[in-house]
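Visitor: Pasting a structure here, questions to come.
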Amino acid sequence: FPYTTLFRSRDVVSMFRTADAQHWVVKINDDGSLPWGEHGHMLFNGEGGGRSEMIAGDDGGVWTLGTDMDSTFLQYVNADGTLRNSVTIKDPSKKCSNGVLVPANNGVFVVYSKHTIQGYTTYNKEIYVAGYNKDGEQIIPETLLLGQQSVNASYIHYAISDGNGGGYVFQWHKNTGNAHNIYVTHFNANGAPTILDLNGIPVHSTDPGHYYYSAYATIEPASHDLILAYRQTDSDTETQDMVLINRITPDGEKLWDEGLAVTNAIGNYSDIRVDAFEYGEGFAVIYCDGSNAIKAVGYDMLGGPLWNTTMSTNGNTKSISENCTGFHQGQNIIAWVNTNRGGVYGQNIGWDGAMGEITPPTPPTPCDPPTNFKGEYYYSETMFGALLSWEAPEITPIHYNLYREGSKEVIEIDPEFTSFIEELGTGDYVYKLTAVYDDCESDFALTETGDDYVLITVTSVPENATEEITTIVKVYTLNGQMIRQINLEELSCGVYIVQGLTSNGNLVTKKMIIQ
């Protein structure tokens with residue numbers, strides 16, 4: 001039962017479960033050598049004899065995950081093959097299994113179920129997420145994503161990174177009216193749900209006449225929306241199929257209502273795949289139809305069809321690989337097995353629907369947001385308000401847009417500035433910041449903790465505002481520009497905001513007039 005990941009170094013790491021219910025991991029260099037030894041390394045101290053999963057780390061190592069009937073196991077393997085601490089996720093009253101890995105900003109998320117068995121084939125199931133670092137320390141607490149549902153034992157959940165530090169989770173099961181449907185939720189970079197309905201967002205309204213299942217997902221890289229491709233079949237015979245697509249935002253909005261039918265995809269279908277183009281221009285749905293032809297249909301991000309291509313037409317029964325390359329430098333490579341004749345086959349499909357030699361699309365101009373967004377309440381004897389700062393993106397924008405919740409005014413800030421001061425009355429103020437370029441506006445800047453906003457509470461002048469500053473830390477002009485020179489005697493005449501430490505070690509911010 002192998003599970004494989006590929007690094008940009010062209011090395012391959014393969015994880016597999018042995019007949020005696022142990023997980024092992026082996027690394028294969030591009031010259032065929034085995035740097036971790038012929039047999040590799042045993043994981044999880046020999047535990048976890050069920051499902052396996054693995055994703056690449058950011059330093060040549062890998063995150064590995066395994067399950068048994070009761071627990072989920074996590075372990076990081078360094079690039080040199082040494083093992084970090086093994087983590088066991090368990091609950092004395094429930095079974096913790098079917099874990100899925102999602103990359104996190106400073107580690108990894110594990111999305112896992114907690115369930116009890118009801119009868120022989122039915123689970124009472126909940127889905128949780130928790131974050132861990134490479135040393136096995138829990139850095140994001142366990143959080144409930146989907147509340148208890150009764151599902152068949154064979155119905156597992158799936159998770160996919162949203163490309164923005166968080167992820168989507170989806171599963172299909174019987175719910176209202178005994179109808180199969182697909183339910184979606186989302187969590188942000190802090191592991192907090194952004195879709196608060198613990199049942200998740202159903203892809204379709206309750207429809208006892210049809211089942212919706214076999215969903216596959218991709219992420220639209222510009223908006224971070226979820227694109228789902230899935231099957232609709234009649235509930236009586238489960239023989240009349242359609243392939244549908246839907247687009248869901250991080251806050252649970254369904255942009256295509258009850259879904260869009262994939263072009264010409266009516267009949268019996270299997271092995272549906274969906275992959276976004278790498279620069280956000282659209283996506284492709286790949287599927288095997290009732291005549292055993294493998295087809296691909298391209299769409300723009302409004303759901304409009306772009307092209308329709310047949311990749312293989314012979315009548316052999318086919319089974320598409322679980323893992324395709326995804327679109328990289330304009331093309332996606334699909335592999336399949338001809339199950340009645342044998343043999344593994346492959347074909348590429350381009351972002352424009354072409355096969356064979358592909359001309360990569362021109363990468364768009366980066367639309368990077370500012371980083372390390374910070375904010376604090378500042379005060380002096382005569383005024384108080386908000387002091388904001390950030391780090392500039394690599395490419396200089398035309399200007400920054402600063403949004404204050406509740407205000408219709410958008411504050412434009414010159415790109416040479418990376419800070420801003422605003423005088424305010426008492427209250428709570430929420431700020432968001434973007435960078436504006438020639439042809440786009442970036443996502444909101446993130447804080448160190450992954451939030452896309454800064455909350456500042458302005459109360460009144462604190463008691464220590466009268467304390468004298470003994471050590472100057474930072475000096476700003478009134479428009480928020482930070483001054484490198486912190487020797488007050490060398491400043492020009494004018495009004496400045498000075499941040500510094502008092503003799504008691506308090507950090508205070510004051511307005512000072514230099515005459």
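Ordered as shown in the structure tokens, chains take letters A, B, and onward, while each chain numbers its residues from 1 and ligands are numbered from 1 in the order shown.
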If we count only C-alpha atoms, what is near range 339-352 of chain A at a cut-off of 9 Å, once residues fewer than 4 positions away on the same chain are taken out, given as a compact mmCIF listing (two decimals) with C-alpha atoms, in the first residue's frame?

Guide:
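To be explicit, this is the file written out as out_31.txt:
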# COMPACT_ATOMS: atom_id res chain seq x y z
CA PHE A 277 -4.29 25.94 -13.84
CA GLU A 278 -1.24 27.19 -11.98
CA GLU A 281 -6.87 31.33 -15.31
CA GLY A 282 -9.16 28.33 -14.83
CA PHE A 283 -9.18 24.59 -14.27
CA ALA A 284 -9.69 21.25 -16.03
CA ALA A 296 -10.76 16.59 -20.32
CA GLY A 298 -11.28 23.24 -19.50
CA LEU A 306 -12.91 26.83 -22.71
CA TRP A 307 -12.17 23.57 -24.55
CA THR A 309 -10.42 17.29 -25.48
CA MET A 311 -7.21 12.06 -24.37
CA SER A 312 -7.81 8.35 -25.13
CA ASN A 316 -10.40 -0.85 -23.03
CA THR A 317 -11.64 -0.60 -19.48
CA LYS A 318 -9.52 2.03 -17.72
CA SER A 319 -8.71 3.10 -14.19
CA PHE A 327 -0.73 21.65 -13.88
CA GLY A 330 1.21 24.65 -18.39
CA GLN A 331 0.62 20.90 -18.56
CA ASN A 332 -0.88 18.08 -16.51
CA ILE A 333 0.15 14.43 -16.96
CA ILE A 334 -2.52 11.78 -16.42
CA ALA A 335 -1.75 8.06 -16.01
CA GLY A 356 1.91 16.79 -26.96
CA GLU A 357 4.41 19.64 -26.76
CA ILE A 358 3.00 22.43 -24.57
CA THR A 359 3.94 26.12 -24.59
CA PRO A 360 3.86 27.25 -20.96
CA PRO A 361 1.64 30.25 -20.21

Visitor: Where in range 427-503 of chain A does DSSP assign helix (DSSP H, G or I), given as a compact mmCIF listing (two decimals) with N, CA and C atoms, in the first residue's frame?

Guide:
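Written file, out-v2.txt:
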# COMPACT_ATOMS: atom_id res chain seq x y z
N GLU A 463 -2.03 55.09 32.62
CA GLU A 463 -1.44 55.76 33.77
C GLU A 463 0.03 56.09 33.55
N ASN A 464 0.75 55.20 32.85
CA ASN A 464 2.19 55.44 32.71
C ASN A 464 2.52 56.39 31.57
N ALA A 465 1.49 57.04 31.00
CA ALA A 465 1.76 57.97 29.91
C ALA A 465 2.57 59.17 30.38
N THR A 466 2.54 59.48 31.67
CA THR A 466 3.30 60.61 32.18
C THR A 466 4.75 60.26 32.46
N LEU A 488 17.01 62.56 19.03
CA LEU A 488 16.07 63.67 18.92
C LEU A 488 16.78 64.99 18.61
N GLU A 489 18.00 65.15 19.08
CA GLU A 489 18.71 66.41 18.87
C GLU A 489 19.04 66.64 17.40
N GLU A 490 19.03 65.55 16.61
CA GLU A 490 19.37 65.69 15.19
C GLU A 490 18.15 65.79 14.30

Visitor: What's the 12 Å shell around Gly427 in chain A, counting only C-alpha atoms, without same-chain residues fewer than 3 positions away, as a list in words?

Guide: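 The neighbour list is Tyr377, Phe384, Gly385, Ala386, Glu405, Gly406, Glu423, Leu424, Val430, Leu455, Ile456, Thr457, Val458, Thr459 and Ser460 of chain A.
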
Visitor: Restrict the selected residues to C-alpha atoms and save them as a PDB file, in the first residue's frame.

Guide:
ATOM      1  CA  TYR A 377      -2.593  51.570  20.539  1.00  0.00           C
ATOM      2  CA  PHE A 384      -4.200  58.777  21.148  1.00  0.00           C
ATOM      3  CA  GLY A 385      -4.969  56.427  18.267  1.00  0.00           C
ATOM      4  CA  ALA A 386      -3.561  53.551  16.168  1.00  0.00           C
ATOM      5  CA  GLU A 405     -13.984  48.484   9.357  1.00  0.00           C
ATOM      6  CA  GLY A 406     -17.035  50.741   9.479  1.00  0.00           C
ATOM      7  CA  GLU A 423      -5.655  59.704  15.656  1.00  0.00           C
ATOM      8  CA  LEU A 424      -8.864  58.104  16.966  1.00  0.00           C
ATOM      9  CA  VAL A 430     -10.259  46.692  12.822  1.00  0.00           C
ATOM     10  CA  LEU A 455      -7.696  44.816  16.094  1.00  0.00           C
ATOM     11  CA  ILE A 456      -6.803  47.893  18.156  1.00  0.00           C
ATOM     12  CA  THR A 457      -8.732  48.936  21.258  1.00  0.00           C
ATOM     13  CA  VAL A 458      -8.442  52.627  22.094  1.00  0.00           C
ATOM     14  CA  THR A 459      -9.502  53.339  25.683  1.00  0.00           C
ATOM     15  CA  SER A 460      -7.899  56.371  27.298  1.00  0.00           C
TER      16      SER A 460
END

Visitor: Residues near range 74-82 of chain A, anyone? I mean within 9 Å using only C-alpha atoms, not counting same-chain ones fewer than 5 positions away, as number ranges by chain.

Guide: A: 25-27, 35-36, 40-41, 43-44, 57, 59-67, 87-89, 110, 132-136

Visitor: Just write the chosen residues, C-alpha atoms, as a PDB file, in the first residue's frame.

Guide:
ATOM      1  CA  VAL A  25       9.425   4.921   4.679  1.00  0.00           C
ATOM      2  CA  VAL A  26      12.145   4.675   1.995  1.00  0.00           C
ATOM      3  CA  LYS A  27      13.967   7.390   0.037  1.00  0.00           C
ATOM      4  CA  PRO A  35      20.211   6.907   1.134  1.00  0.00           C
ATOM      5  CA  TRP A  36      18.004   5.656   4.005  1.00  0.00           C
ATOM      6  CA  GLY A  40      14.238   2.507   5.069  1.00  0.00           C
ATOM      7  CA  HIS A  41      12.903   3.317   8.540  1.00  0.00           C
ATOM      8  CA  LEU A  43       7.638   4.678  11.762  1.00  0.00           C
ATOM      9  CA  PHE A  44       5.475   5.332  14.841  1.00  0.00           C
ATOM     10  CA  GLY A  57       8.178  19.111   4.270  1.00  0.00           C
ATOM     11  CA  ASP A  59      13.449  21.188   4.112  1.00  0.00           C
ATOM     12  CA  GLY A  60      13.691  17.892   2.219  1.00  0.00           C
ATOM     13  CA  GLY A  61      12.011  15.891   4.982  1.00  0.00           C
ATOM     14  CA  VAL A  62       8.516  14.413   5.046  1.00  0.00           C
ATOM     15  CA  TRP A  63       5.451  14.426   7.274  1.00  0.00           C
ATOM     16  CA  THR A  64       4.128  10.886   7.730  1.00  0.00           C
ATOM     17  CA  LEU A  65       0.820   9.759   9.175  1.00  0.00           C
ATOM     18  CA  GLY A  66      -0.684   6.360   9.950  1.00  0.00           C
ATOM     19  CA  THR A  67      -3.769   5.021  11.682  1.00  0.00           C
ATOM     20  CA  VAL A  87       2.812  11.640  18.165  1.00  0.00           C
ATOM     21  CA  THR A  88      -0.255   9.587  19.071  1.00  0.00           C
ATOM     22  CA  ILE A  89      -3.663  11.243  18.700  1.00  0.00           C
ATOM     23  CA  VAL A 110      -3.931  16.812  11.037  1.00  0.00           C
ATOM     24  CA  TYR A 132       1.786  20.186  15.229  1.00  0.00           C
ATOM     25  CA  ASN A 133       5.405  21.160  14.685  1.00  0.00           C
ATOM     26  CA  LYS A 134       8.208  18.870  13.517  1.00  0.00           C
ATOM     27  CA  ASP A 135       9.144  17.919  17.080  1.00  0.00           C
ATOM     28  CA  GLY A 136       5.647  16.576  17.689  1.00  0.00           C
TER      29      GLY A 136
END

Visitor: Could you find all residues in range 214-249 of chain A that DSSP calls strand (DSSP E) from the backbone, and write them as a PyMOL selection string?

Guide: chain A and resi 214-219+226-234+241-248

Visitor: Put those residues in a file: N, CA and C atoms, as an mmCIF file, in the first residue's frame.

Guide:
data_model
loop_
_atom_site.group_PDB
_atom_site.id
_atom_site.type_symbol
_atom_site.label_atom_id
_atom_site.label_comp_id
_atom_site.auth_asym_id
_atom_site.auth_seq_id
_atom_site.Cartn_x
_atom_site.Cartn_y
_atom_site.Cartn_z
ATOM 1 N N SER A 214 -18.451 10.911 -4.701
ATOM 2 C CA SER A 214 -17.201 10.765 -5.475
ATOM 3 C C SER A 214 -16.621 12.130 -5.843
ATOM 4 N N ALA A 215 -16.455 12.989 -4.836
ATOM 5 C CA ALA A 215 -15.957 14.339 -5.079
ATOM 6 C C ALA A 215 -14.438 14.377 -5.102
ATOM 7 N N TYR A 216 -13.897 15.162 -6.012
ATOM 8 C CA TYR A 216 -12.477 15.491 -6.064
ATOM 9 C C TYR A 216 -12.345 17.003 -6.059
ATOM 10 N N ALA A 217 -11.216 17.520 -5.563
ATOM 11 C CA ALA A 217 -11.122 18.954 -5.314
ATOM 12 C C ALA A 217 -9.803 19.528 -5.784
ATOM 13 N N THR A 218 -9.821 20.834 -6.085
ATOM 14 C CA THR A 218 -8.624 21.614 -6.352
ATOM 15 C C THR A 218 -8.865 23.005 -5.799
ATOM 16 N N ILE A 219 -7.805 23.803 -5.697
ATOM 17 C CA ILE A 219 -7.897 25.150 -5.152
ATOM 18 C C ILE A 219 -7.583 26.170 -6.240
ATOM 19 N N LEU A 226 -12.536 26.768 -3.235
ATOM 20 C CA LEU A 226 -12.523 25.334 -3.491
ATOM 21 C C LEU A 226 -13.313 25.033 -4.759
ATOM 22 N N ILE A 227 -12.724 24.269 -5.681
ATOM 23 C CA ILE A 227 -13.413 23.778 -6.868
ATOM 24 C C ILE A 227 -13.639 22.282 -6.676
ATOM 25 N N LEU A 228 -14.893 21.845 -6.699
ATOM 26 C CA LEU A 228 -15.247 20.435 -6.539
ATOM 27 C C LEU A 228 -15.803 19.896 -7.848
ATOM 28 N N ALA A 229 -15.379 18.705 -8.243
ATOM 29 C CA ALA A 229 -15.993 17.951 -9.338
ATOM 30 C C ALA A 229 -16.508 16.649 -8.745
ATOM 31 N N TYR A 230 -17.740 16.266 -9.082
ATOM 32 C CA TYR A 230 -18.363 15.129 -8.405
ATOM 33 C C TYR A 230 -19.448 14.522 -9.284
ATOM 34 N N ARG A 231 -19.967 13.380 -8.844
ATOM 35 C CA ARG A 231 -20.971 12.646 -9.612
ATOM 36 C C ARG A 231 -22.371 12.890 -9.064
ATOM 37 N N GLN A 232 -23.309 13.026 -9.991
ATOM 38 C CA GLN A 232 -24.730 12.967 -9.648
ATOM 39 C C GLN A 232 -25.310 11.708 -10.275
ATOM 40 N N THR A 233 -26.011 10.890 -9.478
ATOM 41 C CA THR A 233 -26.632 9.681 -10.000
ATOM 42 C C THR A 233 -28.038 9.559 -9.428
ATOM 43 N N ASP A 234 -28.913 8.840 -10.106
ATOM 44 C CA ASP A 234 -30.264 8.669 -9.580
ATOM 45 C C ASP A 234 -30.225 7.715 -8.390
ATOM 46 N N ASP A 241 -25.583 8.830 -14.631
ATOM 47 C CA ASP A 241 -24.631 9.753 -14.031
ATOM 48 C C ASP A 241 -24.518 11.059 -14.804
ATOM 49 N N MET A 242 -24.162 12.094 -14.079
ATOM 50 C CA MET A 242 -23.666 13.355 -14.628
ATOM 51 C C MET A 242 -22.452 13.760 -13.806
ATOM 52 N N VAL A 243 -21.546 14.510 -14.423
ATOM 53 C CA VAL A 243 -20.430 15.107 -13.696
ATOM 54 C C VAL A 243 -20.758 16.580 -13.492
ATOM 55 N N LEU A 244 -20.699 17.037 -12.239
ATOM 56 C CA LEU A 244 -21.003 18.414 -11.894
ATOM 57 C C LEU A 244 -19.788 19.075 -11.269
ATOM 58 N N ILE A 245 -19.785 20.417 -11.299
ATOM 59 C CA ILE A 245 -18.735 21.190 -10.637
ATOM 60 C C ILE A 245 -19.394 22.270 -9.793
ATOM 61 N N ASN A 246 -18.727 22.657 -8.713
ATOM 62 C CA ASN A 246 -19.195 23.773 -7.911
ATOM 63 C C ASN A 246 -17.991 24.477 -7.316
ATOM 64 N N ARG A 247 -18.208 25.736 -6.961
ATOM 65 C CA ARG A 247 -17.135 26.580 -6.412
ATOM 66 C C ARG A 247 -17.607 27.142 -5.077
ATOM 67 N N ILE A 248 -16.799 26.954 -4.030
ATOM 68 C CA ILE A 248 -17.193 27.349 -2.679
ATOM 69 C C ILE A 248 -16.097 28.213 -2.077
#

Visitor: Counting only C-alpha atoms, what is within 7 Å of Leu446 in chain A, bar same-chain residues fewer than 3 positions away, as a list in words?

Guide: Thr371, Asn372, Phe373, Gly450, Asp451, Asp452 and Tyr453 of chain A

Visitor: Take CA of Ala19 in chain A and CA of Leu34 in chain A and report the distance between them in Å, one decimal.

Guide: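 So the two atoms, CA of Ala19 in chain A and CA of Leu34 in chain A, lie 21.9 Å apart.
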
Visitor: Could you check the closest approach to Pro250 in chain A for each of A:Phe16, A:Tyr496, A:Phe187, A:Phe109 and tell me which residue wins, using only C-alpha atoms?

Guide: A:Phe187

Visitor: Residues at most 12 Å from Gly166 in chain A, counting only C-alpha atoms, excluding those fewer than 6 positions away in the same chain, as a PyMOL selection string?

Guide: chain A and resi 101-111+129-131+140+159-160+185-194+219+224-226+250+450-451

Visitor: Skip Val410 in chain A itself and residues of its chain fewer than 4 positions away, then list as a PyMOL selection string all residues within 12 Å of it, counting only C-alpha atoms.

Guide: chain A and resi 399-406+431-434

Visitor: With N, CA and C atoms kept, could you save the residues just selected as a PDB file, in the first residue's frame?

Guide:
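The new file selection.pdb reads:
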ATOM      1  N   HIS A 399       0.661  51.565  -4.603  1.00  0.00           N
ATOM      2  CA  HIS A 399       0.355  52.124  -3.285  1.00  0.00           C
ATOM      3  C   HIS A 399      -0.247  51.024  -2.433  1.00  0.00           C
ATOM      4  N   TYR A 400      -0.426  51.303  -1.158  1.00  0.00           N
ATOM      5  CA  TYR A 400      -1.123  50.401  -0.245  1.00  0.00           C
ATOM      6  C   TYR A 400      -2.543  50.920  -0.028  1.00  0.00           C
ATOM      7  N   ASN A 401      -3.479  49.996   0.145  1.00  0.00           N
ATOM      8  CA  ASN A 401      -4.834  50.343   0.558  1.00  0.00           C
ATOM      9  C   ASN A 401      -5.039  49.902   1.995  1.00  0.00           C
ATOM     10  N   LEU A 402      -5.393  50.839   2.852  1.00  0.00           N
ATOM     11  CA  LEU A 402      -5.675  50.537   4.257  1.00  0.00           C
ATOM     12  C   LEU A 402      -7.173  50.689   4.489  1.00  0.00           C
ATOM     13  N   TYR A 403      -7.811  49.615   4.957  1.00  0.00           N
ATOM     14  CA  TYR A 403      -9.248  49.594   5.199  1.00  0.00           C
ATOM     15  C   TYR A 403      -9.506  49.593   6.706  1.00  0.00           C
ATOM     16  N   ARG A 404     -10.400  50.468   7.153  1.00  0.00           N
ATOM     17  CA  ARG A 404     -10.836  50.457   8.546  1.00  0.00           C
ATOM     18  C   ARG A 404     -12.313  50.087   8.578  1.00  0.00           C
ATOM     19  N   GLU A 405     -12.619  48.996   9.298  1.00  0.00           N
ATOM     20  CA  GLU A 405     -13.984  48.484   9.357  1.00  0.00           C
ATOM     21  C   GLU A 405     -14.930  49.576   9.841  1.00  0.00           C
ATOM     22  N   GLY A 406     -16.052  49.723   9.120  1.00  0.00           N
ATOM     23  CA  GLY A 406     -17.035  50.741   9.479  1.00  0.00           C
ATOM     24  C   GLY A 406     -16.838  52.055   8.762  1.00  0.00           C
ATOM     25  N   TYR A 431      -8.426  46.924  11.261  1.00  0.00           N
ATOM     26  CA  TYR A 431      -7.748  47.379  10.049  1.00  0.00           C
ATOM     27  C   TYR A 431      -7.361  46.185   9.184  1.00  0.00           C
ATOM     28  N   LYS A 432      -7.437  46.395   7.853  1.00  0.00           N
ATOM     29  CA  LYS A 432      -6.918  45.441   6.883  1.00  0.00           C
ATOM     30  C   LYS A 432      -6.089  46.199   5.859  1.00  0.00           C
ATOM     31  N   LEU A 433      -5.094  45.500   5.294  1.00  0.00           N
ATOM     32  CA  LEU A 433      -4.130  46.162   4.426  1.00  0.00           C
ATOM     33  C   LEU A 433      -3.873  45.327   3.178  1.00  0.00           C
ATOM     34  N   THR A 434      -3.825  45.968   2.019  1.00  0.00           N
ATOM     35  CA  THR A 434      -3.466  45.302   0.767  1.00  0.00           C
ATOM     36  C   THR A 434      -2.404  46.119   0.041  1.00  0.00           C
TER      37      THR A 434
END

Visitor: Given the choices A:Glu391, A:Glu238, A:Asp300, A:Asp438, which gets closest to Ala276 in chain A if the distance is worked out from only C-alpha atoms?

Guide: A:Asp300

Visitor: In Å to one decimal, how far is CA of Val475 in chain A from CA of Ala392 in chain A?

Guide: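 Distance between the two atoms: 18.6 Å.
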
Visitor: Between A:Glu253, A:Asp162, A:Asp271, A:Asp68, which one has atoms that come closest to Tyr213 in chain A, using only C-alpha atoms?

Guide: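 Checking each of A:Glu253, A:Asp162, A:Asp271, A:Asp68 against Tyr213 in chain A, counting only C-alpha atoms, the winner is A:Asp271.
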